[in-house]
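Participant: Quick one: structure below, then a few questions.
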Amino acid sequence: MWEYTDTVRDHFLNPRNAGVLEDANVIGEAGSLACGDALKLMLKVSPEGVIEDAKFQTFGCASAIASSSMATEMIMGKSIHEAMELTNKAVAEALDGLPAHKMHCSVLAEEAIKNALNDYFDKNNIPYDAEQFKETDHDELHAQVHG
Ligand code: FES
């Protein structure tokens with residue numbers, strides 16, 4: 001039974017910013033061993049710390065692809081600090097909702113963004129609070145839902 005919103009379906013069937021970003025200077029990755037889905041996020045961040053371009057490659061379910069697509073749209077043009085604030089909940093809301101048992105898929109997008117920003121801070125010797133990059137236990141989340 002089709003239980004996705006039109007927005008999810010649109011972003012799954014016509015993903016924005018899918019592919020390889022040749023001039024990316026920051027890479028973020030996230031994955032779940034439980035479901036085998038993985039997401040690679042490539043960003044081009046300007047010297048001023050603005051995300052000028054973003055592309056993703058997602059090997060996974062429809063919700064993960066739609067979340068990746070929406071997340072790239074939401075962070076483009078934003079500063080790295082604004083992007084840090086983006087949550088999987090906000091991505092899911094922008095998609096007009098995800099089925100409850102698919103919410104965890106949007107976590108991949110948030111994790112990949114955080115992983116990319118962590119990479120950016122490391123590369124540029126920008127101090128940060130490691131607490132901000134605590135990993136979500138995606139596999140546990142997945143197991144909770146799927147048993
Ligand atoms: Fe795990 Fe979608 S099923 S990310």
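Residue names in the structure tokens use chain letters A, B, ... in the order shown, residue numbers from 1 in each chain, and ligand numbers from 1 in the order shown.
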Report the closest atom pair, with its distance in Å rounded to one decimal, for each residue of chain A that has an atom no farther than 7 Å from ligand 1; count only C-alpha atoms and all ligand atoms, sort by chain and then rising residue number, and write it as a Markdown table.
Facilitator:
```
| residue | atom | partner | partner_atom_place_in_ligand_line | distance |
| --- | --- | --- | --- | --- |
| A:Ser32 | CA | ligand 1 | 1 (Fe) | 6.5 |
| A:Cys35 | CA | ligand 1 | 1 (Fe) | 4.7 |
| A:Gly36 | CA | ligand 1 | 1 (Fe) | 6.9 |
| A:Asp37 | CA | ligand 1 | 4 (S) | 5.3 |
| A:Gly60 | CA | ligand 1 | 2 (Fe) | 6.0 |
| A:Cys61 | CA | ligand 1 | 2 (Fe) | 4.6 |
| A:Ala62 | CA | ligand 1 | 2 (Fe) | 6.9 |
| A:Ser63 | CA | ligand 1 | 2 (Fe) | 5.7 |
| A:Ala64 | CA | ligand 1 | 2 (Fe) | 5.1 |
| A:Lys102 | CA | ligand 1 | 2 (Fe) | 6.2 |
| A:His104 | CA | ligand 1 | 4 (S) | 6.4 |
| A:Cys105 | CA | ligand 1 | 4 (S) | 3.7 |
| A:Leu108 | CA | ligand 1 | 4 (S) | 6.5 |
| A:His142 | CA | ligand 1 | 1 (Fe) | 6.6 |
```
Participant: So that I can see what lies close to segment 47-52 of chain A, please list as a PyMOL selection string the residues with an atom at most 12 Å from it, counting only C-alpha atoms and leaving out residues fewer than 3 positions away in the same chain.
Facilitator: chain A and resi 21+23-26+42-44+55+72-84+113+116-117+120-121+123-124+126
Participant: Of the candidates A:Ala130, A:Ala109, A:Ala90, A:Ile27, which shows the shortest atom-to-atom distance to Ser69 of chain A, using only C-alpha atoms?
Facilitator: A:Ala109
Participant: Would you please extract all alpha helix (DSSP H) residues from chain A, as assigned by DSSP on the backbone, and give them as a PyMOL selection string?
Facilitator: chain A and resi 6-13+62-75+80-84+88-94+103-123+138-146
Participant: Just to be explicit: take each residue in the selection above, keep C-alpha atoms, and write the result as a PDB file, in the first residue's frame.
Facilitator:
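Written out: result-v2.pdb:
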```pdb
ATOM      1  CA  ASP A   6       3.136  13.408  -2.789  1.00  0.00           C
ATOM      2  CA  THR A   7       6.231  15.370  -1.761  1.00  0.00           C
ATOM      3  CA  VAL A   8       8.082  12.208  -0.738  1.00  0.00           C
ATOM      4  CA  ARG A   9       7.051  10.526  -3.951  1.00  0.00           C
ATOM      5  CA  ASP A  10       8.178  13.535  -5.989  1.00  0.00           C
ATOM      6  CA  HIS A  11      11.603  13.681  -4.321  1.00  0.00           C
ATOM      7  CA  PHE A  12      12.021   9.929  -4.680  1.00  0.00           C
ATOM      8  CA  LEU A  13      11.055   9.834  -8.353  1.00  0.00           C
ATOM      9  CA  ALA A  62      12.571   5.657  -1.041  1.00  0.00           C
ATOM     10  CA  SER A  63      12.440   7.572   2.237  1.00  0.00           C
ATOM     11  CA  ALA A  64      16.227   7.793   2.440  1.00  0.00           C
ATOM     12  CA  ILE A  65      16.442   9.071  -1.146  1.00  0.00           C
ATOM     13  CA  ALA A  66      13.636  11.603  -0.655  1.00  0.00           C
ATOM     14  CA  SER A  67      15.197  12.757   2.631  1.00  0.00           C
ATOM     15  CA  SER A  68      18.596  13.185   0.980  1.00  0.00           C
ATOM     16  CA  SER A  69      17.075  15.151  -1.860  1.00  0.00           C
ATOM     17  CA  MET A  70      15.135  17.441   0.463  1.00  0.00           C
ATOM     18  CA  ALA A  71      18.079  17.881   2.824  1.00  0.00           C
ATOM     19  CA  THR A  72      20.388  19.070   0.027  1.00  0.00           C
ATOM     20  CA  GLU A  73      17.757  21.613  -1.008  1.00  0.00           C
ATOM     21  CA  MET A  74      17.417  22.815   2.563  1.00  0.00           C
ATOM     22  CA  ILE A  75      21.130  23.372   3.222  1.00  0.00           C
ATOM     23  CA  ILE A  80      27.587  25.791   7.974  1.00  0.00           C
ATOM     24  CA  HIS A  81      26.220  26.911  11.336  1.00  0.00           C
ATOM     25  CA  GLU A  82      22.674  27.127   9.964  1.00  0.00           C
ATOM     26  CA  ALA A  83      23.126  23.677   8.406  1.00  0.00           C
ATOM     27  CA  MET A  84      24.169  22.330  11.801  1.00  0.00           C
ATOM     28  CA  ASN A  88      15.800  14.903  10.545  1.00  0.00           C
ATOM     29  CA  LYS A  89      12.458  16.041  11.931  1.00  0.00           C
ATOM     30  CA  ALA A  90      12.651  19.252   9.893  1.00  0.00           C
ATOM     31  CA  VAL A  91      13.514  17.244   6.781  1.00  0.00           C
ATOM     32  CA  ALA A  92      10.571  14.910   7.383  1.00  0.00           C
ATOM     33  CA  GLU A  93       8.273  17.895   7.941  1.00  0.00           C
ATOM     34  CA  ALA A  94       9.443  19.485   4.695  1.00  0.00           C
ATOM     35  CA  MET A 103      11.290   8.292  10.246  1.00  0.00           C
ATOM     36  CA  HIS A 104      14.624   6.634  10.960  1.00  0.00           C
ATOM     37  CA  CYS A 105      15.498   6.881   7.258  1.00  0.00           C
ATOM     38  CA  SER A 106      15.589  10.669   7.532  1.00  0.00           C
ATOM     39  CA  VAL A 107      18.174  10.284  10.281  1.00  0.00           C
ATOM     40  CA  LEU A 108      20.656   9.231   7.600  1.00  0.00           C
ATOM     41  CA  ALA A 109      20.383  12.664   5.986  1.00  0.00           C
ATOM     42  CA  GLU A 110      20.963  14.499   9.259  1.00  0.00           C
ATOM     43  CA  GLU A 111      23.891  12.243  10.103  1.00  0.00           C
ATOM     44  CA  ALA A 112      25.530  12.742   6.712  1.00  0.00           C
ATOM     45  CA  ILE A 113      25.234  16.533   7.054  1.00  0.00           C
ATOM     46  CA  LYS A 114      26.738  16.440  10.537  1.00  0.00           C
ATOM     47  CA  ASN A 115      29.482  14.116   9.347  1.00  0.00           C
ATOM     48  CA  ALA A 116      30.286  16.520   6.481  1.00  0.00           C
ATOM     49  CA  LEU A 117      30.340  19.523   8.794  1.00  0.00           C
ATOM     50  CA  ASN A 118      32.529  17.645  11.230  1.00  0.00           C
ATOM     51  CA  ASP A 119      34.896  17.068   8.307  1.00  0.00           C
ATOM     52  CA  TYR A 120      34.774  20.781   7.467  1.00  0.00           C
ATOM     53  CA  PHE A 121      35.545  21.838  11.041  1.00  0.00           C
ATOM     54  CA  ASP A 122      38.418  19.365  11.234  1.00  0.00           C
ATOM     55  CA  LYS A 123      39.925  20.441   7.906  1.00  0.00           C
ATOM     56  CA  HIS A 138      20.638   4.305  13.626  1.00  0.00           C
ATOM     57  CA  ASP A 139      20.849   0.546  13.840  1.00  0.00           C
ATOM     58  CA  GLU A 140      19.205   0.554  17.226  1.00  0.00           C
ATOM     59  CA  LEU A 141      16.511   2.891  15.927  1.00  0.00           C
ATOM     60  CA  HIS A 142      15.967   0.570  12.997  1.00  0.00           C
ATOM     61  CA  ALA A 143      15.809  -2.494  15.224  1.00  0.00           C
ATOM     62  CA  GLN A 144      13.269  -0.796  17.470  1.00  0.00           C
ATOM     63  CA  VAL A 145      10.972  -0.274  14.546  1.00  0.00           C
ATOM     64  CA  HIS A 146      11.522  -3.503  12.672  1.00  0.00           C
TER      65      HIS A 146
END
```
Participant: Using only C-alpha atoms, pick whichever of A:Leu41, A:Thr58, A:Leu86, A:Gly28 has the shortest atom-to-atom distance to Pro15 of chain A.
Facilitator: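 Ranked by minimum distance to Pro15 of chain A, first place goes to A:Thr58.
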Participant: Report, in Å with one decimal, the straight-line distance from atom CA of Asp53 of chain A to atom CA of Glu29 of chain A.
Facilitator: 16.4 Å
Participant: Taking into account only C-alpha atoms, which residue in the set A:Thr5, A:Thr87, A:Asn17, A:Gln132 is nearest to Ala54 of chain A?
Facilitator: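 Residue with the minimum atom-to-atom distance to Ala54 of chain A: A:Asn17.
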Participant: Which one of A:Val45, A:Asp96, A:Gln57, A:Ala18 sits closest to Gly31 of chain A if you count only C-alpha atoms?
Facilitator: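 Nearest candidate to Gly31 of chain A out of A:Val45, A:Asp96, A:Gln57, A:Ala18: A:Gln57.
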Participant: Work out how far atom CA of Arg16 of chain A is from atom CA of Lys40 of chain A, in Å to one decimal.
Facilitator: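 These two atoms are separated by 14.3 Å.
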